[in-house]
>>> print(open('model04.csv').read())   # CSV, C-alpha atoms
chain,number,residue,atom,x,y,z
A,1,MET,CA,-7.0,32.3,-35.0
A,2,SER,CA,-3.7,33.9,-35.0
A,3,SER,CA,-4.6,35.5,-31.7
A,4,LEU,CA,-5.0,32.1,-30.2
A,5,GLN,CA,-1.4,31.2,-31.2
A,6,SER,CA,0.0,34.4,-29.7
A,7,ASN,CA,-2.0,33.7,-26.5
A,8,ALA,CA,-0.6,30.3,-26.3
A,9,ASP,CA,2.9,31.7,-26.6
A,10,SER,CA,2.3,34.2,-23.9
A,11,THR,CA,0.9,31.6,-21.6
A,12,ASN,CA,4.1,29.6,-21.8
A,13,SER,CA,6.3,32.6,-21.1
A,14,GLU,CA,4.4,34.4,-18.5
A,15,PRO,CA,5.3,33.6,-14.9
A,16,LEU,CA,2.9,31.0,-13.7
A,17,GLN,CA,2.7,32.6,-10.3
A,18,ARG,CA,0.3,35.2,-11.5
A,19,SER,CA,-2.2,32.9,-13.1
A,20,ASN,CA,-2.4,30.3,-10.3
A,21,PRO,CA,-0.9,31.6,-7.1
A,22,LYS,CA,-2.3,28.8,-5.0
A,23,LYS,CA,0.1,26.3,-6.4
A,24,ARG,CA,3.2,28.2,-5.8
A,25,ARG,CA,2.9,28.9,-2.1
A,26,LYS,CA,5.0,26.7,0.0
A,27,ILE,CA,6.0,23.6,-1.8
A,28,GLY,CA,9.7,23.3,-2.6
A,29,HIS,CA,10.2,23.9,-6.3
A,30,THR,CA,12.0,20.6,-6.9
A,31,ASN,CA,8.7,18.8,-6.4
A,32,SER,CA,6.3,20.8,-8.5
A,33,PRO,CA,7.8,21.8,-11.8
A,34,THR,CA,5.9,24.4,-13.8
A,35,LEU,CA,2.4,23.0,-13.9
A,36,VAL,CA,-0.2,24.0,-16.3
A,37,PRO,CA,-2.5,26.8,-15.1
A,38,TRP,CA,-5.8,25.0,-15.6
A,39,ARG,CA,-7.8,27.9,-14.4
A,40,SER,CA,-6.8,30.4,-17.1
A,41,ASP,CA,-9.2,31.2,-19.9
A,42,THR,CA,-6.4,30.9,-22.4
A,43,GLN,CA,-5.7,27.3,-21.4
A,44,GLN,CA,-9.3,26.5,-21.8
A,45,ARG,CA,-9.4,28.0,-25.2
A,46,ILE,CA,-6.3,26.0,-26.2
A,47,TYR,CA,-7.9,22.8,-24.9
A,48,SER,CA,-11.2,23.5,-26.7
A,49,SER,CA,-9.6,24.1,-30.1
A,50,LYS,CA,-7.5,21.0,-29.8
A,51,LEU,CA,-10.5,19.0,-28.7
A,52,ALA,CA,-12.5,20.3,-31.6
A,53,HIS,CA,-9.8,19.3,-34.0
A,54,ALA,CA,-9.4,15.8,-32.5
A,55,LEU,CA,-13.1,15.2,-32.4
A,56,ARG,CA,-13.4,16.0,-36.0
A,57,HIS,CA,-10.9,13.3,-36.8
A,58,VAL,CA,-13.0,10.9,-34.7
A,59,LEU,CA,-16.1,11.8,-36.5
A,60,ARG,CA,-14.5,11.4,-39.9
A,61,ARG,CA,-13.6,7.9,-39.0
A,62,ASN,CA,-17.1,7.1,-37.8
A,63,HIS,CA,-18.9,9.1,-40.4
A,64,PRO,CA,-21.1,6.3,-41.7
A,65,PRO,CA,-22.0,5.9,-38.0
A,66,PRO,CA,-22.2,2.2,-37.1
A,67,PRO,CA,-25.7,2.0,-35.8
A,68,ALA,CA,-25.2,-1.3,-34.1
A,69,LYS,CA,-22.8,-0.2,-31.4
A,70,SER,CA,-23.1,3.3,-30.2
A,71,ASN,CA,-19.9,3.7,-28.3
A,72,THR,CA,-19.0,7.0,-29.9
A,73,GLY,CA,-19.5,8.4,-26.4
A,74,ARG,CA,-16.6,6.4,-25.1
A,75,GLU,CA,-14.5,7.5,-28.0
A,76,VAL,CA,-15.3,11.1,-27.3
A,77,ARG,CA,-14.3,10.6,-23.7
A,78,GLU,CA,-11.0,8.9,-24.6
A,79,THR,CA,-10.2,11.6,-27.1
A,80,ALA,CA,-11.1,14.3,-24.5
A,81,ASP,CA,-8.8,12.6,-22.0
A,82,ARG,CA,-6.0,12.3,-24.4
A,83,VAL,CA,-6.2,15.9,-25.5
A,84,LEU,CA,-6.3,16.9,-21.8
A,85,ALA,CA,-3.2,14.9,-21.2
A,86,ALA,CA,-1.5,16.4,-24.2
A,87,THR,CA,-2.4,19.9,-22.9
A,88,ALA,CA,-0.7,19.0,-19.7
A,89,LYS,CA,2.6,18.9,-21.6
A,90,GLY,CA,3.6,15.6,-20.0
A,91,ARG,CA,4.8,17.2,-16.8
A,92,THR,CA,2.5,15.2,-14.6
A,93,ARG,CA,2.4,11.5,-14.1
A,94,TRP,CA,-1.3,11.1,-14.8
A,95,SER,CA,-0.9,12.8,-18.2
A,96,ARG,CA,2.0,10.6,-19.2
A,97,ALA,CA,0.0,7.5,-18.1
A,98,ILE,CA,-3.0,8.5,-20.3
A,99,LEU,CA,-0.8,9.2,-23.3
A,100,ALA,CA,1.2,6.0,-22.8
A,101,SER,CA,-1.7,3.6,-22.8
A,102,PRO,CA,-4.4,4.8,-25.2
A,103,LEU,CA,-5.6,1.3,-26.0
A,104,ASN,CA,-8.8,0.7,-24.1
A,105,ARG,CA,-7.7,1.9,-20.7
A,106,TRP,CA,-11.1,0.9,-19.4
A,107,LYS,CA,-10.7,-2.7,-20.3
A,108,LEU,CA,-7.3,-2.8,-18.7
A,109,ARG,CA,-8.8,-1.3,-15.6
A,110,ARG,CA,-11.4,-4.0,-15.2
A,111,MET,CA,-8.7,-6.7,-15.6
A,112,HIS,CA,-6.6,-5.0,-13.0
A,113,LYS,CA,-9.5,-5.0,-10.6
A,114,LYS,CA,-9.8,-8.7,-10.8
A,115,VAL,CA,-6.2,-9.2,-10.2
A,116,ARG,CA,-6.1,-6.9,-7.3
A,117,LYS,CA,-8.8,-8.6,-5.5
A,118,ALA,CA,-6.9,-11.8,-5.5
A,119,ALA,CA,-3.7,-10.2,-4.4
A,120,THR,CA,-5.1,-8.0,-1.6
A,121,GLY,CA,-4.0,-10.3,1.2
A,122,LEU,CA,-0.4,-10.2,0.1
A,123,ALA,CA,-0.2,-6.6,-0.7
A,124,LYS,CA,-1.4,-5.1,2.5
A,125,ARG,CA,1.8,-5.0,4.5
A,126,SER,CA,-0.1,-3.6,7.4
A,127,PRO,CA,2.4,-3.8,10.3
A,128,GLU,CA,4.8,-1.6,8.3
A,129,THR,CA,2.4,1.0,7.4
A,130,ARG,CA,1.6,2.2,10.8
A,131,ARG,CA,2.9,5.6,9.9
A,132,ARG,CA,-0.3,6.3,8.1
A,133,LEU,CA,-3.5,5.2,9.8
A,134,PRO,CA,-5.0,2.3,7.9
A,135,VAL,CA,-8.1,4.4,7.2
A,136,VAL,CA,-6.1,7.0,5.4
A,137,GLN,CA,-4.2,4.2,3.7
A,138,LYS,CA,-7.3,2.7,2.3
A,139,LYS,CA,-8.5,6.0,1.0
A,140,ALA,CA,-5.2,6.8,-0.5
A,141,ARG,CA,-5.4,3.5,-2.4
A,142,VAL,CA,-8.8,4.4,-3.7
A,143,LEU,CA,-7.5,7.7,-4.8
A,144,GLY,CA,-4.5,6.1,-6.5
A,145,ARG,CA,-6.9,4.0,-8.5
A,146,LEU,CA,-8.9,6.9,-9.6
A,147,VAL,CA,-6.0,9.0,-10.9
A,148,PRO,CA,-4.5,7.4,-13.9
A,149,GLY,CA,-1.1,6.0,-13.5
A,150,CYS,CA,-0.8,6.7,-9.9
A,151,ARG,CA,-1.4,3.4,-8.3
A,152,LYS,CA,2.0,2.8,-6.8
A,153,LEU,CA,2.8,6.4,-6.0
A,154,SER,CA,4.0,7.6,-2.6
A,155,PHE,CA,1.5,9.5,-0.6
A,156,PRO,CA,2.8,13.0,-1.1
A,157,ASN,CA,3.3,12.5,-4.8
A,158,LEU,CA,-0.2,11.1,-5.1
A,159,LEU,CA,-1.6,14.2,-3.4
A,160,GLU,CA,0.3,16.4,-5.9
A,161,GLU,CA,-0.9,14.4,-8.8
A,162,ALA,CA,-4.5,14.5,-7.5
A,163,THR,CA,-4.5,18.3,-7.1
A,164,ASP,CA,-3.3,18.8,-10.7
A,165,TYR,CA,-5.7,16.1,-12.0
A,166,ILE,CA,-8.7,17.7,-10.3
A,167,SER,CA,-7.9,21.1,-11.7
A,168,ALA,CA,-7.5,19.6,-15.2
A,169,LEU,CA,-10.8,17.7,-14.9
A,170,GLU,CA,-12.6,20.8,-13.9
A,171,MET,CA,-11.2,22.6,-16.9
A,172,GLN,CA,-12.2,19.6,-19.1
A,173,VAL,CA,-15.8,19.9,-17.8
A,174,ARG,CA,-15.9,23.6,-18.4
A,175,ALA,CA,-14.5,23.3,-21.9
A,176,MET,CA,-16.8,20.4,-22.9
A,177,THR,CA,-19.8,22.2,-21.5
A,178,ALA,CA,-19.0,25.3,-23.5
A,179,LEU,CA,-18.6,23.2,-26.6
A,180,THR,CA,-21.9,21.4,-26.0
A,181,GLU,CA,-23.7,24.7,-25.5
A,182,LEU,CA,-22.1,26.0,-28.7
A,183,LEU,CA,-23.3,23.0,-30.7
A,184,THR,CA,-26.7,23.2,-29.1
A,185,GLY,CA,-27.0,26.8,-29.9
A,186,GLY,CA,-25.9,26.1,-33.4
A,187,THR,CA,-28.6,23.5,-33.9
A,188,SER,CA,-31.4,25.6,-32.7
A,189,HIS,CA,-30.3,28.5,-34.9
A,190,ALA,CA,-30.2,26.3,-38.0
A,191,SER,CA,-33.6,24.8,-37.4
A,192,ALA,CA,-35.3,28.1,-36.7
B,1,MET,CA,16.3,9.6,-6.8
B,2,SER,CA,16.0,5.9,-6.7
B,3,SER,CA,14.5,6.0,-3.2
B,4,ARG,CA,11.6,7.8,-4.6
B,5,ARG,CA,10.8,5.0,-7.0
B,6,SER,CA,10.9,2.2,-4.4
B,7,SER,CA,8.0,1.9,-2.1
B,8,SER,CA,8.1,4.6,0.4
B,9,ARG,CA,5.7,3.0,2.8
B,10,SER,CA,7.6,0.0,3.9
B,11,ARG,CA,10.8,1.8,4.6
B,12,GLN,CA,9.5,4.4,7.1
B,13,SER,CA,10.3,4.7,10.7
B,14,SER,CA,8.1,6.6,13.0
B,15,GLY,CA,9.9,9.9,13.3
B,16,ALA,CA,11.9,10.2,10.2
B,17,PRO,CA,10.8,12.1,7.0
B,18,THR,CA,9.5,9.8,4.3
B,19,SER,CA,11.8,8.5,1.7
B,20,ALA,CA,10.2,10.8,-0.8
B,21,GLY,CA,12.0,13.6,1.0
B,22,MET,CA,8.9,15.2,2.3
B,23,THR,CA,8.2,16.0,5.8
B,24,ASP,CA,4.9,15.8,7.6
B,25,ALA,CA,4.4,19.5,7.3
B,26,GLN,CA,4.6,19.4,3.6
B,27,ILE,CA,2.1,16.6,3.4
B,28,THR,CA,-0.2,18.5,5.6
B,29,ASP,CA,0.3,21.4,3.3
B,30,LEU,CA,-0.6,19.3,0.3
B,31,VAL,CA,-3.7,18.0,2.0
B,32,SER,CA,-4.9,21.5,2.8
B,33,LYS,CA,-4.3,22.5,-0.9
B,34,LEU,CA,-6.3,19.6,-2.0
B,35,GLN,CA,-9.0,20.6,0.4
B,36,GLN,CA,-9.1,24.1,-1.1
B,37,LEU,CA,-9.9,22.6,-4.4
B,38,ILE,CA,-12.8,20.6,-3.4
B,39,PRO,CA,-16.0,22.7,-3.3
B,40,GLN,CA,-17.5,20.9,-0.4
B,41,LEU,CA,-14.6,21.4,1.9
B,42,ARG,CA,-13.5,24.8,0.9
B,43,SER,CA,-15.4,26.8,3.4
B,44,ARG,CA,-14.4,24.8,6.4
B,45,HIS,CA,-11.3,25.6,8.5
B,46,SER,CA,-8.6,23.0,7.8
B,47,ASP,CA,-8.3,22.3,11.6
B,48,LYS,CA,-11.7,20.6,11.6
B,49,VAL,CA,-11.2,18.4,8.6
B,50,SER,CA,-9.2,15.2,8.9
B,51,ALA,CA,-7.0,13.9,6.2
B,52,ALA,CA,-9.2,10.9,5.8
B,53,LYS,CA,-12.2,13.1,5.2
B,54,VAL,CA,-10.2,15.2,2.6
B,55,LEU,CA,-9.2,12.0,0.8
B,56,GLN,CA,-12.7,10.7,0.8
B,57,GLU,CA,-14.2,13.9,-0.5
B,58,THR,CA,-11.4,14.0,-3.1
B,59,CYS,CA,-12.3,10.5,-4.3
B,60,SER,CA,-16.0,11.2,-4.5
B,61,TYR,CA,-15.3,14.5,-6.3
B,62,ILE,CA,-13.1,12.9,-8.9
B,63,LYS,CA,-15.7,10.3,-9.4
B,64,SER,CA,-18.4,12.9,-9.9
B,65,LEU,CA,-16.2,14.8,-12.3
B,66,HIS,CA,-15.6,11.6,-14.3
B,67,ARG,CA,-19.3,11.0,-14.5
B,68,GLU,CA,-19.9,14.5,-15.7
B,69,VAL,CA,-17.2,14.1,-18.4
B,70,ASP,CA,-18.8,10.8,-19.5
B,71,ASP,CA,-22.2,12.5,-19.6
B,72,LEU,CA,-20.8,15.4,-21.6
B,73,SER,CA,-19.0,13.0,-24.0
B,74,ASP,CA,-22.2,11.2,-24.7
B,75,ARG,CA,-24.1,14.4,-25.4
B,76,LEU,CA,-21.2,15.7,-27.5
B,77,SER,CA,-21.1,12.5,-29.6
B,78,GLU,CA,-24.8,12.8,-30.3
B,79,LEU,CA,-24.6,16.4,-31.2
B,80,LEU,CA,-21.5,16.0,-33.4
B,81,ALA,CA,-23.1,13.1,-35.2
B,82,ASN,CA,-26.1,15.2,-35.9
B,83,THR,CA,-24.1,18.2,-36.8
B,84,ASP,CA,-21.8,16.6,-39.2
B,85,SER,CA,-24.7,15.8,-41.5
B,86,ASN,CA,-25.5,19.4,-41.9
B,87,SER,CA,-22.6,21.1,-43.6
B,88,ALA,CA,-23.8,24.7,-42.8
B,89,GLN,CA,-23.4,24.2,-39.1
B,90,ALA,CA,-20.1,22.4,-39.5
B,91,ALA,CA,-18.8,25.5,-41.3
B,92,ILE,CA,-20.1,27.7,-38.5
B,93,ILE,CA,-18.4,25.6,-35.9
B,94,ARG,CA,-15.2,25.4,-37.8
B,95,SER,CA,-15.0,29.2,-38.2
B,96,LEU,CA,-15.8,29.7,-34.5
B,97,LEU,CA,-13.5,27.2,-33.0
B,98,MET,CA,-10.5,27.2,-35.3
>>> encode(input="model04.csv", output="structure tokens")
Amino acid sequence: MSSLQSNADSTNSEPLQRSNPKKRRKIGHTNSPTLVPWRSDTQQRIYSSKLAHALRHVLRRNHPPPPAKSNTGREVRETADRVLAATAKGRTRWSRAILASPLNRWKLRRMHKKVRKAATGLAKRSPETRRRLPVVQKKARVLGRLVPGCRKLSFPNLLEEATDYISALEMQVRAMTALTELLTGGTSHASA
Amino acid sequence: MSSRRSSSRSRQSSGAPTSAGMTDAQITDLVSKLQQLIPQLRSRHSDKVSAAKVLQETCSYIKSLHREVDDLSDRLSELLANTDSNSAQAAIIRSLLM
């Protein structure tokens, strides 16, 4: 337990170039502040322990589990996202967006989709966007919708956010898979 | 600073760098970095992959990651609900994870 803490400290102080060399190659440093090394094992352990803590709180709230609505899965997902955003230390836009609007992001998304469909004709601005091909433009918009909080971002910033978001998501999947295996292994041991 | 916030797309002229202060080369660099992350496109040379393709694969990859996280959340919620009822397992998990 104490080793986890010391690992966390060393992660913060060690030069990030070593753990994730791909991110440091050519980009000017003004645009990419010290991002979290999502690939490192330590980071995953930090995330897993925070997630376990948070999930315990969720469970305590739901402990007489309401059998009528089984939306615990969504609560777990939202908790996992929030812990992920917290682990990102607020240096990226998507993490700040997740932390800023925890109240039913999914419902807001659906409302947004309806609004956007009505306003599509006005928002296109196609003659002025010749710089990017319209095909790339469309795909960039889709991407902007997928990454939280990045809908009105400029193209290069969107790409940056997307790279970080993908690494974070991959780590989230790895951590949750490990947690699931742990719990599954625990169940089979207890029953045997 | 403020130019970054305002919409960069409508202010561009064809040859100038974007108002975000980034040149085309940096954008290409970002696209190639993104390409390296996506497992489907990692093996291909970046010359053969267009930006549109990279973006498309990025979108589908993010969607699949979202689906995986959703699936894992559902499984986790079931497992945790079952586990909590058994205090012995909860103690094991607590000691291992915390």
>>> closest_residue(input="model04.csv", among="B:Gln26, B:Ser43, B:Ser64, B:Ser32", to="chain A", atoms="only C-alpha atoms")
B:Gln26
>>> atom_distance(input="model04.csv", atom1="CA of Thr92 (chain A)", atom2="CA of Leu146 (chain A)")
15.0 Å
>>> atom_distance(input="model04.csv", atom1="CA of Gln172 (chain A)", atom2="CA of Arg45 (chain A)")
10.8 Å
>>> residues_around(input="model04.csv", residues="region 72-83 of chain B", least_positions_apart="5", cutoff="7 Å", atoms="all atoms listed in the file", output="compact mmCIF listing (two decimals) with C-alpha atoms, keeping the file's coordinate frame")
# COMPACT_ATOMS: atom_id res chain seq x y z
CA THR A 72 -19.00 7.00 -29.90
CA GLY A 73 -19.50 8.40 -26.40
CA VAL A 76 -15.30 11.10 -27.30
CA ARG A 77 -14.30 10.60 -23.70
CA MET A 176 -16.80 20.40 -22.90
CA THR A 177 -19.80 22.20 -21.50
CA THR A 180 -21.90 21.40 -26.00
CA LEU A 183 -23.30 23.00 -30.70
CA GLN B 89 -23.40 24.20 -39.10
CA ALA B 90 -20.10 22.40 -39.50
>>> closest_residue(input="model04.csv", among="A:Ser95, A:Thr163, A:Thr87, A:Thr79", to="chain B", atoms="all atoms listed in the file")
A:Thr163
>>> atom_distance(input="model04.csv", atom1="CA of Arg91 (chain A)", atom2="CA of Thr58 (chain B)")
21.5 Å
>>> closest_residue(input="model04.csv", among="B:Arg42, B:Thr28, B:Ser50, B:Leu55", to="chain A", atoms="only C-alpha atoms")
B:Leu55
>>> residues_around(input="model04.csv", residues="Lys139 (chain A)", least_positions_apart="3", cutoff="9 Å", atoms="only C-alpha atoms", output="PyMOL selection string")
(chain A and resi 134-136+142-144) or (chain B and resi 52+55-56+59)
>>> closest_residue(input="model04.csv", among="A:Leu158, A:Val147, A:Leu55, A:Ala88", to="Met171 (chain A)", atoms="only C-alpha atoms")
A:Ala88
